[in-house]
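Undergrad: Below is one structure. I have some questions about it.
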Amino acid sequence: MGYKVVVAGATGNVGREMLNILSERQFPVDEIAVLASRRSLGTEVSFGDKTLKTKDIEGFDFTGWDIALFAIGSDATKKYAPIAASQGCVVIDNSSLYRYDPDIPLVVPEVNPEAVDGYKKKMIIANPNCSTAQMVVALKPLHDRAKIKRVVVSTYQSVSGSGKEAIDELWNQTKGMYVPGQEVAPSVYPKQIAFNVIPHIDVFLEDGSTKEEWKMVAETKKILDKSIKLTATCVRVPVFVGHSESLNIEFEDHLDEAEARDILREAPGIMVIDKREAGGYITPVECVGEYATYISRIRQDPTLDNGINLWCVSDNLRKGAALNAVQIAETLGNRCLKKG
């Protein structure tokens, strides 16, 4: 016997990717419902070799459904997640709404799978921010070996993290640069994104950081270790899919770069591509459609007693969102629900 699964927000980038990954990983689905807002009602989406029509999330009865994967944004989640939870369906939420609630687990299965056991408090499990998810996958095995004191991270985040409108804006601005009269003014972003980088993701906070940077700090502490000090600079780059991160990690104990490379090679969810030659590293274009978090450029930091630098790349629509949500569902099933 398998699971009755709901995908809410099935017509969006992340919702469609959730359906793809449920099928690819052969998640034990007995029945599936795809939900969207009323304006997308009846839109067809693919699930394996099946074509499904979306239903209206308004008024949907979650009674009898096991798991709901939510990719509908914080405002809609605030309305519908408590309804689903009250009707006995476990919500795995991709928005930021519940990530910082102490009674709701924030889970990256390679890092803190045991956290799913706390789902019963509110029948909701939170999916972390895309930039945090791939980073903690890389940090966890190293932290287990040498205990991390401090992390300095700079991100290079693709436009798909902002949704379909941002993808369109990059595409149209790029074309417009070459076609007189078809220039496209910034709309999704405050400045031109084509052939540019923007050191601004989410809103600014009083201390000068952005909310995206704050999220990486708060979520790393909740998922991995509250004692880790982390500072982030988050940058939007003209890449369609795939987030990249430069990590500078300070440990309490010495960790040799060769040992760090071996640890990462053996760690779940990680693929090490690290040759010290032209092209011997991974770039975002190469990670699209892949499950792994890729690590390259592993090297000692000579300015620290116990420092390592590395480069981390992942498909943000997958590990940063849809894949992690499905992995949470798998972990929930294996540890708690035990069906399928």
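Please note that chains go A, B, ... in the order of the structure tokens, that every chain numbers its residues from 1, and that ligands are numbered from 1 in the order shown.
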List as a PDB file with N, CA, C and O atoms, in the first residue's frame the protein and nucleic acid residues near region 21-33 of chain A, meaning an atom at most 7 Å away when only C-alpha atoms are counted, but skip any in the same chain fewer than 4 places from it.
TA:
```
ATOM      1  N   GLY A   2       0.603   2.157  -0.927  1.00  0.00           N
ATOM      2  CA  GLY A   2       1.375   3.378  -1.036  1.00  0.00           C
ATOM      3  C   GLY A   2       0.660   4.560  -0.409  1.00  0.00           C
ATOM      4  O   GLY A   2      -0.260   4.416   0.407  1.00  0.00           O
ATOM      5  N   TYR A   3       1.066   5.754  -0.837  1.00  0.00           N
ATOM      6  CA  TYR A   3       0.587   6.992  -0.233  1.00  0.00           C
ATOM      7  C   TYR A   3      -0.370   7.742  -1.156  1.00  0.00           C
ATOM      8  O   TYR A   3      -0.254   7.679  -2.374  1.00  0.00           O
ATOM      9  N   LYS A   4      -1.293   8.450  -0.520  1.00  0.00           N
ATOM     10  CA  LYS A   4      -2.136   9.398  -1.241  1.00  0.00           C
ATOM     11  C   LYS A   4      -1.467  10.762  -1.104  1.00  0.00           C
ATOM     12  O   LYS A   4      -1.335  11.291   0.000  1.00  0.00           O
ATOM     13  N   VAL A   5      -1.015  11.315  -2.230  1.00  0.00           N
ATOM     14  CA  VAL A   5      -0.156  12.497  -2.236  1.00  0.00           C
ATOM     15  C   VAL A   5      -0.849  13.657  -2.947  1.00  0.00           C
ATOM     16  O   VAL A   5      -1.438  13.479  -4.020  1.00  0.00           O
ATOM     17  N   VAL A   6      -0.728  14.832  -2.349  1.00  0.00           N
ATOM     18  CA  VAL A   6      -1.221  16.066  -2.948  1.00  0.00           C
ATOM     19  C   VAL A   6      -0.019  16.936  -3.316  1.00  0.00           C
ATOM     20  O   VAL A   6       0.920  17.059  -2.525  1.00  0.00           O
ATOM     21  N   VAL A   7      -0.035  17.519  -4.498  1.00  0.00           N
ATOM     22  CA  VAL A   7       0.954  18.541  -4.861  1.00  0.00           C
ATOM     23  C   VAL A   7       0.191  19.841  -5.078  1.00  0.00           C
ATOM     24  O   VAL A   7      -0.611  19.958  -6.011  1.00  0.00           O
ATOM     25  N   GLU A  17       8.365  20.372 -10.901  1.00  0.00           N
ATOM     26  CA  GLU A  17       9.575  19.600 -10.589  1.00  0.00           C
ATOM     27  C   GLU A  17       9.286  18.552  -9.519  1.00  0.00           C
ATOM     28  O   GLU A  17       9.827  17.437  -9.553  1.00  0.00           O
ATOM     29  N   PHE A  47       2.719  13.746 -14.874  1.00  0.00           N
ATOM     30  CA  PHE A  47       3.219  12.921 -13.774  1.00  0.00           C
ATOM     31  C   PHE A  47       3.586  11.563 -14.365  1.00  0.00           C
ATOM     32  O   PHE A  47       2.717  10.738 -14.626  1.00  0.00           O
ATOM     33  N   GLY A  48       4.878  11.375 -14.623  1.00  0.00           N
ATOM     34  CA  GLY A  48       5.296  10.182 -15.328  1.00  0.00           C
ATOM     35  C   GLY A  48       4.682  10.170 -16.721  1.00  0.00           C
ATOM     36  O   GLY A  48       4.778  11.152 -17.463  1.00  0.00           O
ATOM     37  N   LEU A 323      13.380  18.463  -4.901  1.00  0.00           N
ATOM     38  CA  LEU A 323      14.026  17.218  -4.495  1.00  0.00           C
ATOM     39  C   LEU A 323      14.049  17.097  -2.986  1.00  0.00           C
ATOM     40  O   LEU A 323      13.717  16.039  -2.424  1.00  0.00           O
ATOM     41  N   VAL A 326      10.675  16.058  -1.662  1.00  0.00           N
ATOM     42  CA  VAL A 326      10.376  14.638  -1.890  1.00  0.00           C
ATOM     43  C   VAL A 326      11.230  13.769  -0.972  1.00  0.00           C
ATOM     44  O   VAL A 326      10.751  12.757  -0.427  1.00  0.00           O
ATOM     45  N   GLY A 340       3.921   1.751   1.896  1.00  0.00           N
ATOM     46  CA  GLY A 340       4.621   1.636   0.631  1.00  0.00           C
ATOM     47  C   GLY A 340       5.757   0.640   0.653  1.00  0.00           C
ATOM     48  O   GLY A 340       6.110   0.068   1.646  1.00  0.00           O
TER      49      GLY A 340
END
```
Undergrad: Compile the contact shell of Leu170 (chain A) as a compact mmCIF listing (two decimals) with all heavy atoms, in the first residue's frame: residues with an atom at most 8 Å away, counting only C-alpha atoms, same-chain residues fewer than 6 positions apart removed.
TA:
```txt
# COMPACT_ATOMS: atom_id res chain seq x y z
N VAL A 159 18.29 33.04 -11.54
CA VAL A 159 17.03 33.79 -11.54
C VAL A 159 15.81 32.89 -11.31
O VAL A 159 14.76 33.37 -10.90
CB VAL A 159 16.84 34.58 -12.86
CG1 VAL A 159 17.92 35.63 -13.00
CG2 VAL A 159 16.82 33.66 -14.07
N ILE A 193 19.30 42.59 -15.00
CA ILE A 193 19.94 41.32 -14.63
C ILE A 193 20.77 40.76 -15.78
O ILE A 193 21.78 40.09 -15.55
CB ILE A 193 18.90 40.29 -14.13
CG1 ILE A 193 19.59 39.01 -13.64
CG2 ILE A 193 17.86 39.97 -15.19
CD1 ILE A 193 20.53 39.17 -12.48
N ALA A 194 20.40 41.03 -17.02
CA ALA A 194 21.18 40.53 -18.16
C ALA A 194 22.58 41.14 -18.14
O ALA A 194 22.73 42.36 -18.01
CB ALA A 194 20.48 40.86 -19.47
N PRO A 238 23.11 36.30 -13.79
CA PRO A 238 22.33 36.01 -15.00
C PRO A 238 22.48 34.56 -15.47
O PRO A 238 22.99 34.27 -16.55
CB PRO A 238 22.88 37.01 -16.02
CG PRO A 238 24.29 37.24 -15.58
CD PRO A 238 24.28 37.16 -14.08
N PHE A 240 20.09 30.90 -15.60
CA PHE A 240 18.69 30.50 -15.53
C PHE A 240 18.42 29.55 -14.37
O PHE A 240 17.48 29.75 -13.58
CB PHE A 240 18.24 29.86 -16.84
CG PHE A 240 18.06 30.85 -17.95
CD1 PHE A 240 18.96 30.90 -19.00
CD2 PHE A 240 17.01 31.76 -17.94
CE1 PHE A 240 18.80 31.83 -20.03
CE2 PHE A 240 16.84 32.69 -18.95
CZ PHE A 240 17.74 32.72 -20.00
```
Undergrad: Compare A:Ala36, A:Val288, A:Val153, A:Ala258 by their minimum atom-to-atom distance to Val235 (chain A), counting only C-alpha atoms, and give me the closest one.
TA: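 Looking only at the distances to Val235 (chain A), the closest residue turns out to be A:Val153.
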Undergrad: Find the residue from A:Thr43, A:Lys149, A:Val14, A:Asn316 that sits nearest to Lys226 (chain A); use only C-alpha atoms when measuring.
TA: A:Lys149
Undergrad: Need to verify the contact set: region 227-233 of chain A, 9 Å, only C-alpha atoms, exclusion of same-chain residues closer than 2 positions in sequence. Can you return it as a PDB file with C-alpha atoms, in the first residue's frame?
TA:
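File produced: out-v2.pdb:
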```
ATOM      1  CA  LYS A 147      33.464  20.973  14.175  1.00  0.00           C
ATOM      2  CA  ILE A 148      32.850  24.179  12.285  1.00  0.00           C
ATOM      3  CA  LYS A 149      33.354  27.500  14.085  1.00  0.00           C
ATOM      4  CA  ARG A 150      32.604  29.991  11.326  1.00  0.00           C
ATOM      5  CA  VAL A 151      31.487  30.114   7.696  1.00  0.00           C
ATOM      6  CA  VAL A 152      31.806  32.971   5.210  1.00  0.00           C
ATOM      7  CA  VAL A 153      29.590  32.304   2.193  1.00  0.00           C
ATOM      8  CA  SER A 154      29.063  34.271  -1.005  1.00  0.00           C
ATOM      9  CA  THR A 155      26.255  33.022  -3.224  1.00  0.00           C
ATOM     10  CA  PRO A 199      24.051  42.011  -4.666  1.00  0.00           C
ATOM     11  CA  HIS A 200      20.488  42.079  -3.356  1.00  0.00           C
ATOM     12  CA  SER A 209      21.958  42.538   5.441  1.00  0.00           C
ATOM     13  CA  THR A 210      19.181  41.172   3.250  1.00  0.00           C
ATOM     14  CA  GLU A 212      18.078  36.013   2.157  1.00  0.00           C
ATOM     15  CA  GLU A 213      21.365  36.426   4.020  1.00  0.00           C
ATOM     16  CA  TRP A 214      19.552  36.306   7.363  1.00  0.00           C
ATOM     17  CA  MET A 216      21.029  31.348   5.633  1.00  0.00           C
ATOM     18  CA  VAL A 217      22.244  32.222   9.130  1.00  0.00           C
ATOM     19  CA  THR A 220      21.988  26.805   9.346  1.00  0.00           C
ATOM     20  CA  LYS A 221      21.765  27.227  13.110  1.00  0.00           C
ATOM     21  CA  LEU A 224      23.036  21.975  11.696  1.00  0.00           C
ATOM     22  CA  ASP A 225      24.339  23.627  14.877  1.00  0.00           C
ATOM     23  CA  VAL A 235      24.058  37.796  -5.173  1.00  0.00           C
TER      24      VAL A 235
END
```
Undergrad: When DSSP is applied to the backbone of this structure, which of region 8-188 of chain A are assigned strand (DSSP E or B)? Write them out as a short mmCIF file (atom, residue, chain, number, x, y, z; two decimals) with N, CA and C atoms, in the first residue's frame.
TA:
```
data_model
loop_
_atom_site.label_atom_id
_atom_site.label_comp_id
_atom_site.auth_asym_id
_atom_site.auth_seq_id
_atom_site.Cartn_x
_atom_site.Cartn_y
_atom_site.Cartn_z
N ALA A 8 0.41 20.81 -4.20
CA ALA A 8 -0.26 22.11 -4.28
C ALA A 8 0.69 23.12 -4.91
N VAL A 29 3.29 6.07 -4.76
CA VAL A 29 2.05 6.85 -4.85
C VAL A 29 0.89 5.94 -5.25
N ASP A 30 -0.11 5.87 -4.40
CA ASP A 30 -1.34 5.14 -4.76
C ASP A 30 -2.32 6.04 -5.51
N GLU A 31 -2.35 7.30 -5.08
CA GLU A 31 -3.26 8.26 -5.68
C GLU A 31 -2.62 9.64 -5.57
N ILE A 32 -2.83 10.49 -6.58
CA ILE A 32 -2.22 11.82 -6.55
C ILE A 32 -3.25 12.86 -6.98
N ALA A 33 -3.22 14.00 -6.29
CA ALA A 33 -4.07 15.13 -6.65
C ALA A 33 -3.16 16.33 -6.89
N VAL A 34 -3.45 17.07 -7.96
CA VAL A 34 -2.66 18.27 -8.27
C VAL A 34 -3.56 19.49 -8.11
N LEU A 35 -3.12 20.43 -7.29
CA LEU A 35 -3.93 21.58 -6.95
C LEU A 35 -3.28 22.86 -7.45
N ALA A 36 -4.11 23.85 -7.74
CA ALA A 36 -3.62 25.17 -8.15
C ALA A 36 -4.67 26.20 -7.75
N GLU A 44 -3.22 21.36 -17.42
CA GLU A 44 -2.70 20.00 -17.42
C GLU A 44 -1.22 19.98 -17.04
N VAL A 45 -0.86 19.02 -16.21
CA VAL A 45 0.53 18.81 -15.81
C VAL A 45 0.86 17.33 -15.97
N SER A 46 2.15 17.04 -16.10
CA SER A 46 2.59 15.66 -16.31
C SER A 46 3.05 15.02 -15.02
N PHE A 47 2.72 13.75 -14.87
CA PHE A 47 3.22 12.92 -13.77
C PHE A 47 3.59 11.56 -14.37
N LYS A 50 1.50 9.99 -17.18
CA LYS A 50 0.11 10.44 -17.02
C LYS A 50 0.01 11.95 -17.21
N THR A 51 -1.15 12.39 -17.65
CA THR A 51 -1.47 13.81 -17.71
C THR A 51 -2.60 14.08 -16.73
N LEU A 52 -2.38 15.02 -15.83
CA LEU A 52 -3.35 15.31 -14.77
C LEU A 52 -3.89 16.72 -14.93
N LYS A 53 -5.16 16.91 -14.58
CA LYS A 53 -5.76 18.24 -14.58
C LYS A 53 -5.81 18.79 -13.16
N LYS A 55 -6.91 20.75 -9.84
CA LYS A 55 -8.14 21.06 -9.14
C LYS A 55 -7.93 22.34 -8.33
N ASP A 56 -9.04 22.95 -7.95
CA ASP A 56 -9.00 24.19 -7.18
C ASP A 56 -8.64 23.87 -5.73
N ILE A 67 0.13 12.90 2.51
CA ILE A 67 1.19 13.91 2.42
C ILE A 67 0.80 14.95 1.39
N ALA A 68 1.01 16.23 1.72
CA ALA A 68 0.79 17.32 0.77
C ALA A 68 2.10 18.09 0.60
N LEU A 69 2.59 18.16 -0.62
CA LEU A 69 3.76 18.96 -0.94
C LEU A 69 3.28 20.33 -1.38
N PHE A 70 3.64 21.37 -0.64
CA PHE A 70 3.16 22.73 -0.91
C PHE A 70 4.24 23.55 -1.59
N VAL A 90 -0.14 15.42 6.36
CA VAL A 90 1.13 16.04 6.71
C VAL A 90 1.57 16.97 5.58
N VAL A 91 1.80 18.23 5.91
CA VAL A 91 2.22 19.22 4.92
C VAL A 91 3.74 19.35 4.92
N ILE A 92 4.35 19.25 3.73
CA ILE A 92 5.77 19.56 3.55
C ILE A 92 5.81 20.84 2.75
N ASP A 93 6.22 21.92 3.41
CA ASP A 93 6.03 23.26 2.86
C ASP A 93 7.33 23.85 2.33
N LEU A 106 12.59 21.70 10.51
CA LEU A 106 13.20 22.23 9.29
C LEU A 106 14.24 21.20 8.87
N ILE A 124 3.17 19.64 10.18
CA ILE A 124 3.82 20.42 9.12
C ILE A 124 5.34 20.23 9.25
N ILE A 125 6.01 20.08 8.11
CA ILE A 125 7.46 20.05 8.04
C ILE A 125 7.90 21.12 7.05
N ALA A 126 8.93 21.87 7.40
CA ALA A 126 9.39 22.97 6.54
C ALA A 126 10.59 22.55 5.70
N ILE A 148 32.74 22.88 12.94
CA ILE A 148 32.85 24.18 12.29
C ILE A 148 32.62 25.30 13.30
N LYS A 149 33.51 26.30 13.26
CA LYS A 149 33.35 27.50 14.08
C LYS A 149 32.64 28.61 13.32
N ARG A 150 33.07 28.82 12.07
CA ARG A 150 32.60 29.99 11.33
C ARG A 150 32.59 29.69 9.84
N VAL A 151 31.60 30.26 9.15
CA VAL A 151 31.49 30.11 7.70
C VAL A 151 31.28 31.50 7.08
N VAL A 152 32.04 31.79 6.04
CA VAL A 152 31.81 32.97 5.21
C VAL A 152 31.35 32.45 3.85
N VAL A 153 30.13 32.81 3.45
CA VAL A 153 29.59 32.30 2.19
C VAL A 153 29.17 33.46 1.30
N SER A 154 29.56 33.37 0.03
CA SER A 154 29.06 34.27 -1.01
C SER A 154 28.30 33.42 -2.01
N THR A 155 27.07 33.82 -2.31
CA THR A 155 26.26 33.02 -3.22
C THR A 155 26.17 33.69 -4.59
N TYR A 156 25.95 32.85 -5.59
CA TYR A 156 25.75 33.29 -6.97
C TYR A 156 24.47 32.59 -7.44
N GLN A 157 23.32 33.24 -7.21
CA GLN A 157 22.04 32.57 -7.30
C GLN A 157 21.33 32.85 -8.62
#
```
Undergrad: I want to know what sits within 12 Å of Gly88 (chain A), based on only C-alpha atoms, with residues of the same chain fewer than 4 positions away left out; could you give that as a ChimeraX atom specification?
TA: /A:4,61-68,81-84,119-124
Undergrad: Running DSSP on the backbone, which parts of region 158-312 of chain A land in helix (DSSP H, G or I), as a ChimeraX atom specification?
TA: /A:159-162,164-176,211-223,257-266,284-287
Undergrad: Please produce an output containing C-alpha atoms for each residue in the selection, written as a PDB file, in the first residue's frame.
TA:
```pdb
ATOM      1  CA  VAL A 159      17.026  33.788 -11.541  1.00  0.00           C
ATOM      2  CA  SER A 160      14.798  30.699 -11.324  1.00  0.00           C
ATOM      3  CA  GLY A 161      14.894  31.239  -7.573  1.00  0.00           C
ATOM      4  CA  SER A 162      12.624  34.237  -8.200  1.00  0.00           C
ATOM      5  CA  LYS A 164       9.033  32.214 -13.977  1.00  0.00           C
ATOM      6  CA  GLU A 165       8.734  36.000 -14.354  1.00  0.00           C
ATOM      7  CA  ALA A 166      12.415  36.366 -13.492  1.00  0.00           C
ATOM      8  CA  ILE A 167      13.405  33.727 -16.044  1.00  0.00           C
ATOM      9  CA  ASP A 168      11.407  35.625 -18.658  1.00  0.00           C
ATOM     10  CA  GLU A 169      12.999  38.914 -17.623  1.00  0.00           C
ATOM     11  CA  LEU A 170      16.535  37.555 -18.072  1.00  0.00           C
ATOM     12  CA  TRP A 171      15.619  36.008 -21.435  1.00  0.00           C
ATOM     13  CA  ASN A 172      13.888  39.114 -22.774  1.00  0.00           C
ATOM     14  CA  GLN A 173      16.515  41.546 -21.486  1.00  0.00           C
ATOM     15  CA  THR A 174      19.264  39.457 -23.059  1.00  0.00           C
ATOM     16  CA  LYS A 175      17.491  39.439 -26.434  1.00  0.00           C
ATOM     17  CA  GLY A 176      16.724  43.143 -26.083  1.00  0.00           C
ATOM     18  CA  LYS A 211      16.551  38.706   4.395  1.00  0.00           C
ATOM     19  CA  GLU A 212      18.078  36.013   2.157  1.00  0.00           C
ATOM     20  CA  GLU A 213      21.365  36.426   4.020  1.00  0.00           C
ATOM     21  CA  TRP A 214      19.552  36.306   7.363  1.00  0.00           C
ATOM     22  CA  LYS A 215      17.734  33.128   6.292  1.00  0.00           C
ATOM     23  CA  MET A 216      21.029  31.348   5.633  1.00  0.00           C
ATOM     24  CA  VAL A 217      22.244  32.222   9.130  1.00  0.00           C
ATOM     25  CA  ALA A 218      19.043  31.292  10.976  1.00  0.00           C
ATOM     26  CA  GLU A 219      18.411  28.088   9.021  1.00  0.00           C
ATOM     27  CA  THR A 220      21.988  26.805   9.346  1.00  0.00           C
ATOM     28  CA  LYS A 221      21.765  27.227  13.110  1.00  0.00           C
ATOM     29  CA  LYS A 222      18.420  25.382  13.265  1.00  0.00           C
ATOM     30  CA  ILE A 223      19.367  22.538  10.898  1.00  0.00           C
ATOM     31  CA  GLU A 257      42.274  19.366   2.301  1.00  0.00           C
ATOM     32  CA  ALA A 258      42.937  15.780   1.191  1.00  0.00           C
ATOM     33  CA  GLU A 259      40.928  14.390   4.096  1.00  0.00           C
ATOM     34  CA  ALA A 260      38.161  16.943   3.458  1.00  0.00           C
ATOM     35  CA  ARG A 261      38.010  15.758  -0.162  1.00  0.00           C
ATOM     36  CA  ASP A 262      37.776  12.115   0.930  1.00  0.00           C
ATOM     37  CA  ILE A 263      35.050  12.896   3.485  1.00  0.00           C
ATOM     38  CA  LEU A 264      32.973  14.754   0.910  1.00  0.00           C
ATOM     39  CA  ARG A 265      33.392  11.962  -1.664  1.00  0.00           C
ATOM     40  CA  GLU A 266      31.846   9.511   0.793  1.00  0.00           C
ATOM     41  CA  PRO A 284      25.683  25.626 -12.766  1.00  0.00           C
ATOM     42  CA  VAL A 285      24.940  24.718 -16.393  1.00  0.00           C
ATOM     43  CA  GLU A 286      26.250  21.198 -15.715  1.00  0.00           C
ATOM     44  CA  CYS A 287      24.187  20.603 -12.565  1.00  0.00           C
TER      45      CYS A 287
END
```
